[in-house]
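What follows is a set of notes on a single structure, which appears directly below.
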Amino acid sequence: MQLNHAFVLTLIAASLAACGGGGSSSPSDTTAVVNTAKPADPVAPVVPVVPVVPTATGENTGAVSARFANGDNSRYIFTSIGLQSSGKASPLVQDASGALSTISGIVFTGNPAVTREISGDAAFAQGRWFKGAFSNSTGATTLSGNNASGHYVAYNVLAALPATGTFTCDAGTFTAPSYTGGSSVSSTANFGTASGTASMSFDASGAKVVLAIDASAGGSTGKVSASTTMASAASSSITGGYLSNGTGAQLMLGDGGAGRYLLIAAYKAQLANGANYQGVATFRCS
């Protein structure tokens, strides 16, 4: 029997169509996903800004937590053997250690120039020139590292006294009291230690200040006590025998910042053994 070739080919094509064979998938069966989004820029890490704070170097001792904010309202007190000085702190130079090297017309130099008990912050700068030389308009004084020292505090005066208020003061920051004369002492007693208490209150009469400083050296002790009223923000008060070789103090008020106050004291103390010492102290009151 002769087959109809056209019929056979038609059957084969139909069979392939029924089985899904013989063909390829339609382009619509598969979808290619392409990510065209721009990658995010890298985020730089946040690096905190750390302020540079001066630190003591070499033979210096102590440190400050911030540089003193010197300005038009800056004042100073300075005391050494034969020199008591106070006034406007201009010019004023604070070196890398936090120590002051120029205070108004008093300039401290040396190789080395050593300052001990450096302390302070933006509100005050305190220390004791120990080795070197300082000069002013009246001449020069050499400090050889024995009992001779120059004690200083720079601070900013208050704009005005508050009308009222009572403030508690901290334990104070002190330079080591240095021997200035009187009864003879051994070299181990050229310098002593000091501690103290203070309080202040304000009323219509001004600032009422109470101060007590205990000084000791070579096994002997002495005390400086003061109770006084300061009528204005920029005034100072001298008590006892501060301007001579007796026991007494010169007191000043300072701006401690953030509603706080400073009580600054330059003092002289005669110990029970008859030896005389002097130093400076700063109290923060709030």
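Please note that chains go A, B, ... in the order of the structure tokens, that every chain numbers its residues from 1, and that ligands are numbered from 1 in the order shown.
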Surrounding residues of Tyr179 (chain A) excluding itself and chain neighbours under 3 positions, 8 Å, only C-alpha atoms, as number ranges by chain: A: 147-148, 189-191, 275-278
Contact residues around Arg260 (chain A) with only C-alpha atoms at 12 Å, ignoring same-chain residues under 5 positions, as a PyMOL selection string: chain A and resi 123+158+161-162+165-170+200+253-255+283-286
Shell around Arg128 (chain A) at 9 Å using only C-alpha atoms, local window under 5 positions removed, as a PyMOL selection string: chain A and resi 99+114-118+149-152+175-176+279-280
Who sits within 10 Å of Ser144 (chain A), only C-alpha atoms, same chain under 6 positions skipped, as a VMD selection string: chain A and resid 114 130 to 133
Put those residues in a file: N, CA and C atoms, as a short mmCIF file (atom, residue, chain, number, x, y, z; two decimals), in the first residue's frame.
```
data_model
loop_
_atom_site.label_atom_id
_atom_site.label_comp_id
_atom_site.auth_asym_id
_atom_site.auth_seq_id
_atom_site.Cartn_x
_atom_site.Cartn_y
_atom_site.Cartn_z
N VAL A 114 61.87 76.18 86.14
CA VAL A 114 61.06 75.12 86.73
C VAL A 114 59.92 75.72 87.54
N PHE A 130 60.14 77.87 90.93
CA PHE A 130 61.02 77.16 91.85
C PHE A 130 62.50 77.31 91.48
N LYS A 131 62.80 77.24 90.20
CA LYS A 131 64.20 77.30 89.76
C LYS A 131 64.27 78.10 88.47
N GLY A 132 65.16 79.11 88.44
CA GLY A 132 65.31 79.99 87.30
C GLY A 132 65.54 81.40 87.81
N ALA A 133 64.97 82.38 87.16
CA ALA A 133 65.08 83.78 87.61
C ALA A 133 63.88 84.55 87.11
#
```
Top pick for closest residue to Asn60 (chain A), considering A:Ser135, A:Gly105, A:Gly145, A:Phe124 and counting only C-alpha atoms: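 Smallest separation from Asn60 (chain A) among the options: A:Gly145.
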So that each row is one residue of region 127-234 of chain A with an atom at most 9 Å from region 62-68 of chain A, can you give its shortest atom pair and the distance in Å to one decimal, using only C-alpha atoms, rows by chain and rising number, as a Markdown table?
```
| residue | atom | partner | partner_atom | distance |
| --- | --- | --- | --- | --- |
| A:Gly127 | CA | A:Gly62 | CA | 8.5 |
| A:Ala154 | CA | A:Phe68 | CA | 8.2 |
| A:Tyr155 | CA | A:Phe68 | CA | 8.0 |
```
Residues within 10 Å of Lys268 (chain A), only C-alpha atoms, excluding chain neighbours under 5 positions, as a VMD selection string: chain A and resid 79 177 to 180 213 215 222 to 224 240 to 250 276 to 280
Counting only C-alpha atoms, which residues of region 188-271 of chain A sit at most 12 Å from some atom of region 86-95 of chain A, and what is each one's closest atom pair with its distance in Å to one decimal, listed by chain and rising residue number, as JSON lines?
```
{"residue": "A:Ala234", "atom": "CA", "partner": "A:Gly87", "partner_atom": "CA", "distance": 10.3}
{"residue": "A:Ser235", "atom": "CA", "partner": "A:Gly87", "partner_atom": "CA", "distance": 10.8}
{"residue": "A:Ser236", "atom": "CA", "partner": "A:Ser86", "partner_atom": "CA", "distance": 9.8}
{"residue": "A:Gln250", "atom": "CA", "partner": "A:Ser86", "partner_atom": "CA", "distance": 9.9}
{"residue": "A:Leu251", "atom": "CA", "partner": "A:Ser86", "partner_atom": "CA", "distance": 11.0}
{"residue": "A:Met252", "atom": "CA", "partner": "A:Ser86", "partner_atom": "CA", "distance": 10.2}
{"residue": "A:Ile264", "atom": "CA", "partner": "A:Ser86", "partner_atom": "CA", "distance": 11.9}
{"residue": "A:Ala265", "atom": "CA", "partner": "A:Ser86", "partner_atom": "CA", "distance": 11.7}
{"residue": "A:Ala266", "atom": "CA", "partner": "A:Ser86", "partner_atom": "CA", "distance": 10.2}
```
Of the listed residues A:Ala272, A:Ala198, A:Ala207, A:Leu263, that which approaches Thr221 (chain A) most closely, counting only C-alpha atoms: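 Nearest to Thr221 (chain A): A:Ala272.
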DSSP-assigned strand (DSSP E) members of region 134-178 of chain A, reported as a list in words: Phe134, Ser135, Asn136, Gly139, Ala140, Thr141, Thr142, Leu143, Ser144, Gly150, His151, Tyr152, Val153, Ala154, Tyr155, Asn156, Gly165, Thr166, Phe167, Thr168, Thr173, Phe174 and Ser178 of chain A
Distance of CA of Val107 (chain A) from CA of Ala122 (chain A), expressed in Å to one decimal place: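 One can read the CA of Ala122 (chain A) to CA of Val107 (chain A) distance as 21.4 Å.
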